[in-house]
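The data block below is structure.cif; it holds mmCIF, C-alpha atoms.
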data_start
loop_
_atom_site.label_atom_id
_atom_site.label_comp_id
_atom_site.auth_asym_id
_atom_site.auth_seq_id
_atom_site.Cartn_x
_atom_site.Cartn_y
_atom_site.Cartn_z
CA MET S 1 -124.22 -208.66 -188.19
CA SER S 2 -127.14 -206.37 -187.66
CA LEU S 3 -128.99 -205.03 -190.67
CA ILE S 4 -127.61 -201.85 -192.25
CA PRO S 5 -130.15 -198.99 -192.16
CA ALA S 6 -130.80 -197.39 -195.55
CA THR S 7 -132.21 -193.93 -196.28
CA ILE S 8 -133.49 -192.89 -199.71
CA LEU S 9 -133.00 -189.19 -200.47
CA THR S 10 -135.17 -187.89 -203.27
CA GLY S 11 -136.34 -184.56 -204.61
CA PHE S 12 -136.55 -182.69 -207.86
CA LEU S 13 -133.54 -181.16 -209.60
CA GLY S 14 -132.20 -178.19 -207.67
CA SER S 15 -134.11 -179.02 -204.49
CA GLY S 16 -130.92 -179.29 -202.43
CA LYS S 17 -130.34 -183.03 -202.07
CA THR S 18 -126.60 -182.73 -202.53
CA THR S 19 -126.39 -179.79 -200.12
CA LEU S 20 -128.19 -181.84 -197.48
CA LEU S 21 -126.00 -184.83 -198.20
CA LYS S 22 -122.82 -182.79 -197.80
CA ARG S 23 -124.05 -181.58 -194.46
CA VAL S 24 -124.82 -185.10 -193.28
CA LEU S 25 -121.37 -186.25 -194.35
CA HIS S 26 -119.57 -183.33 -192.73
CA GLU S 27 -121.54 -183.50 -189.49
CA ALA S 28 -119.49 -184.70 -186.55
CA HIS S 29 -121.85 -187.56 -185.77
CA GLY S 30 -119.11 -190.15 -185.61
CA GLN S 31 -121.06 -192.45 -187.92
CA LYS S 32 -119.61 -194.01 -191.00
CA ILE S 33 -122.04 -193.55 -193.85
CA ALA S 34 -121.88 -195.03 -197.32
CA VAL S 35 -123.49 -192.81 -199.96
CA ILE S 36 -124.75 -194.25 -203.21
CA GLU S 37 -125.30 -191.71 -205.97
CA ASN S 38 -126.92 -192.36 -209.28
CA GLU S 39 -124.14 -190.42 -210.89
CA PHE S 40 -121.46 -187.98 -209.93
CA GLY S 41 -122.66 -184.86 -211.66
CA GLU S 42 -121.48 -181.29 -211.48
CA GLU S 43 -123.09 -180.84 -208.12
CA ASN S 44 -121.83 -183.89 -206.40
CA ILE S 45 -119.98 -184.50 -203.18
CA ASP S 46 -116.97 -182.19 -202.93
CA ASN S 47 -113.78 -183.67 -204.17
CA ASP S 48 -111.99 -182.10 -201.24
CA ILE S 49 -113.50 -184.63 -198.87
CA LEU S 50 -112.61 -187.52 -201.11
CA VAL S 51 -109.43 -189.31 -200.25
CA ALA S 52 -108.68 -190.12 -203.85
CA ASP S 53 -110.14 -189.42 -207.24
CA THR S 54 -110.25 -192.85 -208.72
CA GLU S 55 -111.84 -194.83 -211.48
CA GLU S 56 -113.04 -197.23 -208.80
CA GLN S 57 -116.74 -196.88 -208.20
CA ILE S 58 -116.25 -196.91 -204.44
CA ILE S 59 -114.37 -193.98 -202.94
CA GLN S 60 -113.27 -193.76 -199.33
CA MET S 61 -113.54 -190.31 -197.77
CA SER S 62 -111.35 -188.62 -195.23
CA ASN S 63 -114.06 -188.66 -192.57
CA GLY S 64 -114.55 -192.40 -192.82
CA CYS S 65 -117.58 -192.19 -195.11
CA VAL S 66 -117.73 -194.03 -198.40
CA CYS S 67 -119.04 -192.76 -201.74
CA CYS S 68 -120.20 -195.02 -204.48
CA THR S 69 -121.83 -194.58 -207.88
CA ILE S 70 -124.44 -196.96 -209.20
CA ARG S 71 -122.61 -198.56 -212.07
CA GLU S 72 -125.12 -201.20 -213.03
CA ASP S 73 -128.25 -201.42 -210.97
CA LEU S 74 -128.97 -200.59 -207.38
CA ARG S 75 -129.33 -204.20 -206.37
CA SER S 76 -125.84 -205.21 -207.49
CA THR S 77 -124.33 -202.07 -205.95
CA LEU S 78 -125.96 -202.82 -202.59
CA GLN S 79 -124.79 -206.43 -202.74
CA LEU S 80 -121.24 -205.32 -203.57
CA LEU S 81 -121.11 -202.89 -200.63
CA ALA S 82 -122.49 -205.50 -198.22
CA ALA S 83 -119.98 -208.09 -199.46
CA LYS S 84 -117.06 -205.69 -199.00
CA ARG S 85 -118.32 -204.83 -195.53
CA ARG S 86 -118.56 -208.50 -194.54
CA ALA S 87 -115.06 -209.10 -195.88
CA GLY S 88 -113.72 -206.25 -193.77
CA GLU S 89 -112.72 -204.20 -196.83
CA LEU S 90 -115.18 -201.40 -196.07
CA ASP S 91 -116.39 -200.08 -192.76
CA PHE S 92 -119.75 -198.30 -192.71
CA GLU S 93 -122.80 -198.34 -190.48
CA ARG S 94 -125.57 -197.05 -192.76
CA ILE S 95 -126.22 -196.04 -196.33
CA VAL S 96 -127.89 -193.07 -197.98
CA ILE S 97 -129.06 -193.42 -201.58
CA GLU S 98 -129.38 -190.17 -203.52
CA THR S 99 -131.71 -190.67 -206.46
CA THR S 100 -131.70 -188.59 -209.62
CA GLY S 101 -134.09 -185.66 -209.61
CA VAL S 102 -136.63 -187.35 -211.83
CA ALA S 103 -136.55 -190.74 -210.15
CA ASP S 104 -139.62 -192.46 -208.79
CA PRO S 105 -138.64 -193.68 -205.30
CA GLY S 106 -141.03 -196.66 -205.54
CA PRO S 107 -138.78 -199.13 -207.35
CA VAL S 108 -135.84 -198.07 -205.18
CA ALA S 109 -137.86 -198.83 -202.03
CA GLN S 110 -139.12 -202.12 -203.46
CA THR S 111 -135.55 -203.34 -203.98
CA PHE S 112 -135.22 -203.65 -200.19
CA PHE S 113 -138.24 -205.92 -199.93
CA MET S 114 -138.18 -207.93 -203.13
CA ASP S 115 -134.56 -208.98 -203.32
CA ASP S 116 -133.67 -211.60 -200.72
CA GLU S 117 -129.95 -210.86 -200.77
CA VAL S 118 -130.57 -207.16 -200.21
CA ALA S 119 -133.17 -207.84 -197.50
CA GLU S 120 -130.70 -210.05 -195.64
CA SER S 121 -128.22 -207.16 -195.33
CA TYR S 122 -130.27 -203.96 -195.25
CA LEU S 123 -133.27 -202.45 -193.51
CA LEU S 124 -135.03 -199.60 -195.33
CA ASP S 125 -135.37 -196.81 -192.78
CA SER S 126 -137.12 -193.99 -194.63
CA ILE S 127 -137.66 -191.95 -197.76
CA ILE S 128 -136.78 -188.27 -197.41
CA THR S 129 -138.02 -185.82 -200.02
CA LEU S 130 -136.68 -182.31 -200.62
CA VAL S 131 -139.03 -179.77 -202.15
CA ASP S 132 -137.79 -176.51 -203.68
CA ALA S 133 -140.21 -173.83 -202.44
CA LYS S 134 -139.37 -171.50 -205.32
CA HIS S 135 -140.14 -173.95 -208.10
CA ALA S 136 -142.37 -176.49 -206.36
CA ALA S 137 -145.73 -175.27 -207.64
CA GLN S 138 -144.64 -175.56 -211.25
CA GLN S 139 -142.87 -178.88 -210.72
CA LEU S 140 -145.85 -180.39 -208.89
CA ASN S 141 -148.19 -179.16 -211.61
CA ASP S 142 -146.07 -180.42 -214.50
CA ARG S 143 -144.32 -183.54 -213.31
CA GLN S 144 -145.88 -186.62 -211.81
CA GLU S 145 -142.44 -187.72 -210.57
CA ALA S 146 -142.39 -184.69 -208.27
CA ARG S 147 -145.84 -185.57 -206.93
CA ARG S 148 -144.84 -189.20 -206.42
CA GLN S 149 -141.76 -188.13 -204.47
CA VAL S 150 -144.03 -186.23 -202.08
CA GLY S 151 -146.43 -189.16 -201.79
CA PHE S 152 -143.67 -191.61 -200.85
CA ALA S 153 -142.02 -189.40 -198.24
CA ASP S 154 -141.62 -190.18 -194.55
CA GLN S 155 -140.10 -186.72 -194.01
CA ILE S 156 -140.30 -183.63 -196.24
CA PHE S 157 -137.77 -180.79 -196.17
CA ILE S 158 -138.67 -177.57 -197.93
CA SER S 159 -135.66 -175.69 -199.28
CA LYS S 160 -135.39 -172.10 -200.56
CA SER S 161 -138.34 -170.96 -198.43
CA ASP S 162 -136.56 -167.60 -198.02
CA LEU S 163 -137.08 -166.97 -201.74
CA VAL S 164 -140.88 -167.01 -201.59
CA ALA S 165 -143.50 -164.90 -199.83
CA GLU S 166 -145.03 -166.29 -196.65
CA GLU S 167 -148.39 -166.73 -198.34
CA GLU S 168 -146.85 -168.77 -201.14
CA TYR S 169 -144.99 -170.92 -198.61
CA ASP S 170 -148.18 -171.54 -196.60
CA ALA S 171 -150.05 -172.51 -199.77
CA LEU S 172 -147.29 -174.99 -200.64
CA VAL S 173 -147.36 -176.56 -197.16
CA HIS S 174 -151.13 -176.82 -197.39
CA ARG S 175 -150.89 -178.57 -200.75
CA LEU S 176 -148.19 -180.96 -199.58
CA LYS S 177 -150.17 -181.89 -196.46
CA HIS S 178 -153.10 -182.87 -198.57
CA MET S 179 -150.87 -185.02 -200.71
CA ASN S 180 -149.11 -186.51 -197.71
CA PRO S 181 -150.47 -185.72 -194.24
CA ARG S 182 -148.25 -188.42 -192.81
CA ALA S 183 -144.87 -186.87 -193.45
CA PRO S 184 -143.62 -184.18 -191.06
CA MET S 185 -142.44 -181.05 -192.91
CA GLN S 186 -139.84 -178.51 -192.04
CA LYS S 187 -137.76 -175.83 -193.68
CA ALA S 188 -134.20 -176.71 -194.62
CA HIS S 189 -131.88 -173.75 -195.07
CA PHE S 190 -128.85 -174.82 -197.08
CA GLY S 191 -129.15 -178.36 -195.84
CA GLU S 192 -129.05 -177.37 -192.18
CA VAL S 193 -131.40 -179.86 -190.65
CA PRO S 194 -131.02 -181.92 -187.48
CA LEU S 195 -129.64 -185.37 -188.16
CA ALA S 196 -132.38 -186.80 -185.96
CA LYS S 197 -134.81 -185.76 -188.72
CA VAL S 198 -132.76 -187.55 -191.37
CA LEU S 199 -131.57 -190.82 -189.84
CA ASP S 200 -133.37 -193.54 -187.89
CA LEU S 201 -136.87 -192.31 -188.73
CA ARG S 202 -138.18 -195.89 -188.90
CA GLY S 203 -140.65 -194.97 -191.60
CA PHE S 204 -141.04 -198.57 -192.71
CA ASN S 205 -141.21 -200.16 -189.29
CA LEU S 206 -144.41 -201.97 -188.58
CA ASN S 207 -145.42 -199.99 -185.53
CA ALA S 208 -148.61 -198.59 -184.17
CA LYS S 209 -147.62 -194.97 -184.49
CA LEU S 210 -150.18 -193.06 -186.44
CA ASP S 211 -148.49 -189.93 -187.54
CA ILE S 212 -151.01 -188.06 -189.57
CA ASP S 213 -150.79 -184.33 -189.31
CA PRO S 214 -153.45 -183.52 -186.69
CA ASP S 215 -154.20 -180.12 -188.19
CA PHE S 216 -154.97 -181.86 -191.38
CA LEU S 217 -157.67 -183.88 -189.73
CA LYS S 218 -159.21 -180.94 -187.91
CA ALA S 219 -158.71 -178.17 -190.34
CA ASP S 220 -159.97 -178.17 -193.64
CA ASP S 221 -163.41 -179.44 -193.21
CA HIS S 222 -165.18 -176.62 -194.75
CA ASP S 223 -164.11 -176.47 -198.24
CA HIS S 224 -164.86 -179.87 -199.33
CA ASP S 225 -168.14 -180.76 -198.14
CA HIS S 226 -169.45 -182.06 -201.33
CA GLY S 227 -169.79 -185.72 -200.83
CA HIS S 228 -166.88 -187.98 -200.77
CA ASP S 229 -164.73 -185.83 -202.80
CA HIS S 230 -163.90 -183.92 -199.76
CA ALA S 231 -162.77 -186.87 -198.22
CA HIS S 232 -160.05 -187.61 -200.33
CA ASP S 233 -158.69 -184.43 -200.45
CA HIS S 234 -157.87 -184.77 -197.16
CA GLY S 235 -155.28 -186.95 -196.98
CA HIS S 236 -154.14 -187.00 -200.19
CA ASP S 237 -151.01 -188.54 -199.79
CA HIS S 238 -150.53 -189.99 -196.58
CA ASP S 239 -147.76 -192.12 -196.89
CA HIS S 240 -148.51 -195.00 -195.05
CA ASP S 241 -150.01 -194.22 -191.94
CA HIS S 242 -153.54 -194.50 -191.30
CA ASP S 243 -156.18 -192.51 -190.01
CA HIS S 244 -159.49 -192.77 -191.50
CA VAL S 245 -162.60 -192.20 -190.04
CA HIS S 246 -165.22 -194.30 -188.85
CA GLY S 247 -166.28 -197.33 -190.53
CA GLU S 248 -169.93 -196.83 -190.61
CA HIS S 249 -169.58 -194.51 -193.45
CA CYS S 250 -167.16 -192.07 -194.33
CA ASN S 251 -168.54 -188.74 -193.99
CA HIS S 252 -167.10 -188.23 -190.68
CA PRO S 253 -166.10 -184.81 -189.92
CA SER S 254 -162.82 -186.09 -188.98
CA HIS S 255 -161.97 -186.86 -192.34
CA GLN S 256 -163.41 -184.16 -194.16
CA HIS S 257 -160.29 -182.65 -194.74
CA GLY S 258 -160.37 -179.81 -196.08
CA GLY S 259 -158.90 -177.02 -196.30
CA HIS S 260 -157.19 -176.79 -199.22
CA GLY S 261 -159.97 -175.03 -200.72
CA HIS S 262 -159.10 -171.67 -199.63
CA HIS S 263 -155.70 -171.91 -201.12
CA HIS S 264 -157.20 -172.25 -204.58
CA HIS S 265 -156.89 -175.97 -204.11
CA ILE S 266 -155.29 -177.85 -206.93
CA ASP S 267 -156.64 -181.32 -207.43
CA ASP S 268 -153.39 -183.26 -207.61
CA ASP S 269 -153.51 -186.83 -208.85
CA VAL S 270 -151.47 -187.90 -205.83
CA LYS S 271 -153.93 -187.88 -202.95
CA SER S 272 -154.43 -189.46 -199.62
CA PHE S 273 -157.37 -190.42 -197.57
CA VAL S 274 -157.88 -191.76 -194.11
CA TYR S 275 -160.37 -194.45 -193.15
CA ARG S 276 -161.58 -195.31 -189.65
CA ALA S 277 -163.89 -198.03 -188.44
CA THR S 278 -165.27 -198.79 -185.00
CA ARG S 279 -166.47 -202.29 -185.87
CA PRO S 280 -163.78 -204.98 -186.09
CA PHE S 281 -162.57 -206.35 -189.41
CA ASP S 282 -163.21 -209.93 -190.47
CA PRO S 283 -159.65 -211.14 -191.16
CA ALA S 284 -160.48 -213.36 -194.15
CA LYS S 285 -162.71 -210.75 -195.84
CA LEU S 286 -160.16 -207.99 -195.33
CA GLU S 287 -157.29 -210.11 -196.66
CA ASP S 288 -159.30 -211.03 -199.75
CA PHE S 289 -160.29 -207.43 -200.39
CA LEU S 290 -156.84 -205.91 -199.88
CA GLY S 291 -155.27 -208.67 -201.99
CA ALA S 292 -157.67 -207.90 -204.84
CA ILE S 293 -157.21 -204.13 -204.57
CA VAL S 294 -153.43 -204.42 -204.62
CA GLN S 295 -153.58 -206.60 -207.73
CA VAL S 296 -155.58 -203.98 -209.59
CA TYR S 297 -154.38 -200.68 -208.16
CA GLY S 298 -150.96 -201.62 -206.73
CA PRO S 299 -148.93 -199.61 -209.26
CA ARG S 300 -150.91 -196.50 -208.27
CA MET S 301 -150.71 -197.17 -204.52
CA LEU S 302 -147.64 -195.36 -203.24
CA ARG S 303 -147.76 -195.87 -199.48
CA TYR S 304 -150.49 -197.20 -197.22
CA LYS S 305 -150.59 -198.21 -193.59
CA GLY S 306 -153.08 -199.20 -190.94
CA VAL S 307 -153.51 -200.10 -187.30
CA LEU S 308 -156.45 -202.48 -187.26
CA ASN S 309 -158.94 -203.91 -184.83
CA MET S 310 -159.26 -207.48 -186.08
CA ASN S 311 -161.87 -209.94 -184.93
CA GLY S 312 -160.33 -212.85 -183.03
CA THR S 313 -157.30 -211.13 -181.52
CA ASP S 314 -156.79 -208.77 -178.59
CA ARG S 315 -153.71 -207.31 -180.23
CA LYS S 316 -153.48 -204.52 -182.76
CA VAL S 317 -152.76 -205.69 -186.29
CA ILE S 318 -150.40 -203.38 -188.17
CA PHE S 319 -150.10 -203.46 -191.91
CA GLN S 320 -148.37 -201.34 -194.50
CA GLY S 321 -147.43 -201.48 -198.13
CA VAL S 322 -145.58 -199.96 -201.04
CA HIS S 323 -147.18 -200.56 -204.44
CA GLN S 324 -148.10 -204.26 -204.60
CA LEU S 325 -145.96 -205.25 -201.62
CA MET S 326 -147.92 -205.52 -198.42
CA GLY S 327 -146.97 -206.87 -195.01
CA SER S 328 -148.64 -207.16 -191.62
CA ASP S 329 -147.72 -208.02 -188.07
CA LEU S 330 -149.25 -208.27 -184.61
CA GLY S 331 -148.62 -205.22 -182.47
CA ALA S 332 -149.22 -204.49 -178.80
CA PRO S 333 -152.44 -205.56 -177.07
CA TRP S 334 -155.29 -203.07 -177.01
CA GLY S 335 -155.35 -201.28 -173.66
CA PRO S 336 -158.17 -202.13 -171.26
CA THR S 337 -159.74 -198.69 -171.66
CA GLU S 338 -158.53 -198.00 -175.19
CA GLU S 339 -161.17 -197.54 -177.86
CA ARG S 340 -160.62 -200.18 -180.52
CA ILE S 341 -160.71 -198.14 -183.71
CA SER S 342 -159.15 -199.29 -186.96
CA LYS S 343 -157.33 -196.50 -188.76
CA MET S 344 -155.88 -196.69 -192.25
CA VAL S 345 -154.29 -194.21 -194.59
CA PHE S 346 -153.83 -194.62 -198.32
CA ILE S 347 -151.66 -192.42 -200.53
CA GLY S 348 -151.77 -192.97 -204.23
CA ILE S 349 -152.45 -191.75 -207.73
CA ASP S 350 -156.13 -191.28 -208.48
CA LEU S 351 -157.16 -194.11 -206.18
CA PRO S 352 -160.89 -194.90 -206.29
CA ARG S 353 -161.84 -193.82 -202.81
CA ASP S 354 -165.44 -194.99 -203.18
CA ILE S 355 -164.38 -198.53 -204.16
CA LEU S 356 -161.84 -198.69 -201.33
CA GLU S 357 -164.32 -197.45 -198.73
CA GLN S 358 -167.08 -199.75 -199.92
CA GLY S 359 -164.75 -202.78 -199.86
CA LEU S 360 -163.43 -201.90 -196.42
CA GLU S 361 -166.99 -201.46 -195.10
CA GLN S 362 -167.90 -204.89 -196.48
CA SER S 363 -164.87 -206.41 -194.75
CA LEU S 364 -166.12 -205.41 -191.30
CA CYS S 365 -167.86 -207.89 -189.02
#
Take the structure from the file and write it as structure tokens.
Amino acid sequence: MSLIPATILTGFLGSGKTTLLKRVLHEAHGQKIAVIENEFGEENIDNDILVADTEEQIIQMSNGCVCCTIREDLRSTLQLLAAKRRAGELDFERIVIETTGVADPGPVAQTFFMDDEVAESYLLDSIITLVDAKHAAQQLNDRQEARRQVGFADQIFISKSDLVAEEEYDALVHRLKHMNPRAPMQKAHFGEVPLAKVLDLRGFNLNAKLDIDPDFLKADDHDHDHGHDHAHDHGHDHDHDHDHVHGEHCNHPSHQHGGHGHHHHIDDDVKSFVYRATRPFDPAKLEDFLGAIVQVYGPRMLRYKGVLNMNGTDRKVIFQGVHQLMGSDLGAPWGPTEERISKMVFIGIDLPRDILEQGLEQSLC
């Protein structure tokens, strides 16, 4: 059986996760989706689409979807669903996990990589974060969980944008891009978003796509020119893609991100930065350095990703990680006329950009 794609849906209380979920379940996409909820609260999936109200933790719905609460831990719930699917007792093609509003998506994502039984049945597709435009500024200021949810995201939906002035919305987008320039953002009115932006995003695939917001790289140079500080503003949160600037040293204009200055920039603890190098990496030095960094800073490293030019191979080397878990793979060959530039993006909580850049520089040939 092929692996079951899994989507993690996160966002602060009131951001519209359940509204989005209802839309996904009602959509006539012909797919059978199993939904795992941390708890059935007041605002949960409508009982009218449930076939039966039962004490059983797994509920079959009229449209073929399945709803399930996490009774013990996520791992055992995932194993139970997979076992029932293999036995022919349940029929579903993918799962969506709705976390509680204050959950950190990190441990949820790690479950898919650290548990062999789960990894044999499921493939983590992406983390989707909903942000409530009306209350986001306060939530991001006050709650690190809200900032972490942004940092982990592969896709960000902004709800309730109609309740704020355009200037406030623009300032929020600007702030989010600096936390996570890797995640595309779009407005979500009452959960009405295209399913193509929710499912099969392949956010955890090891591929050479470098999806850092291009405006982020161009824009914002001016406000942060003081030394390396500017640099990290720029990417603050890039989930895991990469895009740093050249290896010789890191003042490249390309990464001087910027902008957030003119939106009375708030220095969030979740930040991203992009690193680029034109010289190839020495594989042994880079492995030693990244291994050491992950041991020390892994808990603060939310998402990181790179497409690397490695000495000794004509193929791109792609790596990515979540917290202390890091993986790499060989990608496509470098094109005959393609410039071999390594690009990396790191999103984390108060990561020491200077230490990371210095170690990466020292890992070059």
Inset, instruction - Determine the nearest neighbour of Glu117 of chain S from the options S:Leu80, S:Val35, S:Asp104, S:Glu98, counting only C-alpha atoms. - result: S:Leu80
Legend entry - Distance criterion (all atoms listed in the file): nearest to Glu93 of chain S out of S:Pro5, S:Gly106, S:Gly312, S:Pro194: S:Pro5
Legend entry - Counting only C-alpha atoms, the option among S:Lys84, S:Met326, S:Val173, S:Cys67 closest to Gly291 of chain S: S:Met326
Sorted by chain and rising residue number, which residues of segment 165-208 of chain S lie within 7 Å of segment 7-31 of chain S, and what are their closest atom pairs and distances in Å to one decimal, counting only C-alpha atoms, as a Markdown table?
| residue | atom | partner | partner_atom | distance |
| --- | --- | --- | --- | --- |
| S:Phe190 | CA | S:Thr19 | CA | 6.3 |
| S:Gly191 | CA | S:Leu20 | CA | 4.0 |
| S:Glu192 | CA | S:Arg23 | CA | 6.9 |
Legend entry - Ref. answer, residues at most 10 Å from (-118.8, -196.6, -192.6) with only C-alpha atoms, as a list in words: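 Final list of nearby residues, as requested, is Gly30, Gln31, Lys32, Ile33, Ala34, Val35, Gln60, Met61, Asn63, Gly64, Cys65, Val66, Cys67, Arg85, Leu90, Asp91, Phe92, Glu93, Arg94 and Ile95 of chain S.
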Inset, instruction - Name the closest residue to Phe319 of chain S among the candidates S:Leu206, S:Ile341, S:Ile36, S:Ala183; distances are taken between atoms, counting only C-alpha atoms. - result: S:Leu206
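Of the listed residues S:Ala109, S:Leu124, S:Leu302, S:Ala153, the one whose atoms come nearest to Arg202 of chain S is S:Leu124, with distances taken using all atoms listed in the file.
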Legend entry - the PyMOL selection byres ((chain S and resi 285) around 10) resolved against shown file, as number ranges by chain: S: 281-284, 286-291, 359-360, 362-365
Inset, instruction - Starting from the displayed file, determine the output of the PyMOL selection byres ((chain S and resi 2) around 9) and express the residue list as a list in words. - result: Met1, Leu3, Ile4, Ser121 and Tyr122 of chain S
Any chance you can output those residues with C-alpha atoms as a compact mmCIF listing (two decimals), in the coordinates of the input?
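This is the output file out-v2.txt:
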# COMPACT_ATOMS: atom_id res chain seq x y z
CA MET S 1 -124.22 -208.66 -188.19
CA LEU S 3 -128.99 -205.03 -190.67
CA ILE S 4 -127.61 -201.85 -192.25
CA SER S 121 -128.22 -207.16 -195.33
CA TYR S 122 -130.27 -203.96 -195.25
Legend entry - Distance of atom CA of Asp314 of chain S from atom CA of Ile355 of chain S, expressed in Å to one decimal place: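 Going from atom CA of Ile355 of chain S over to atom CA of Asp314 of chain S covers 28.6 Å.
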Legend entry - Separation of atom CA of His178 of chain S from atom CA of Ser272 of chain S in Å: 6.8 Å
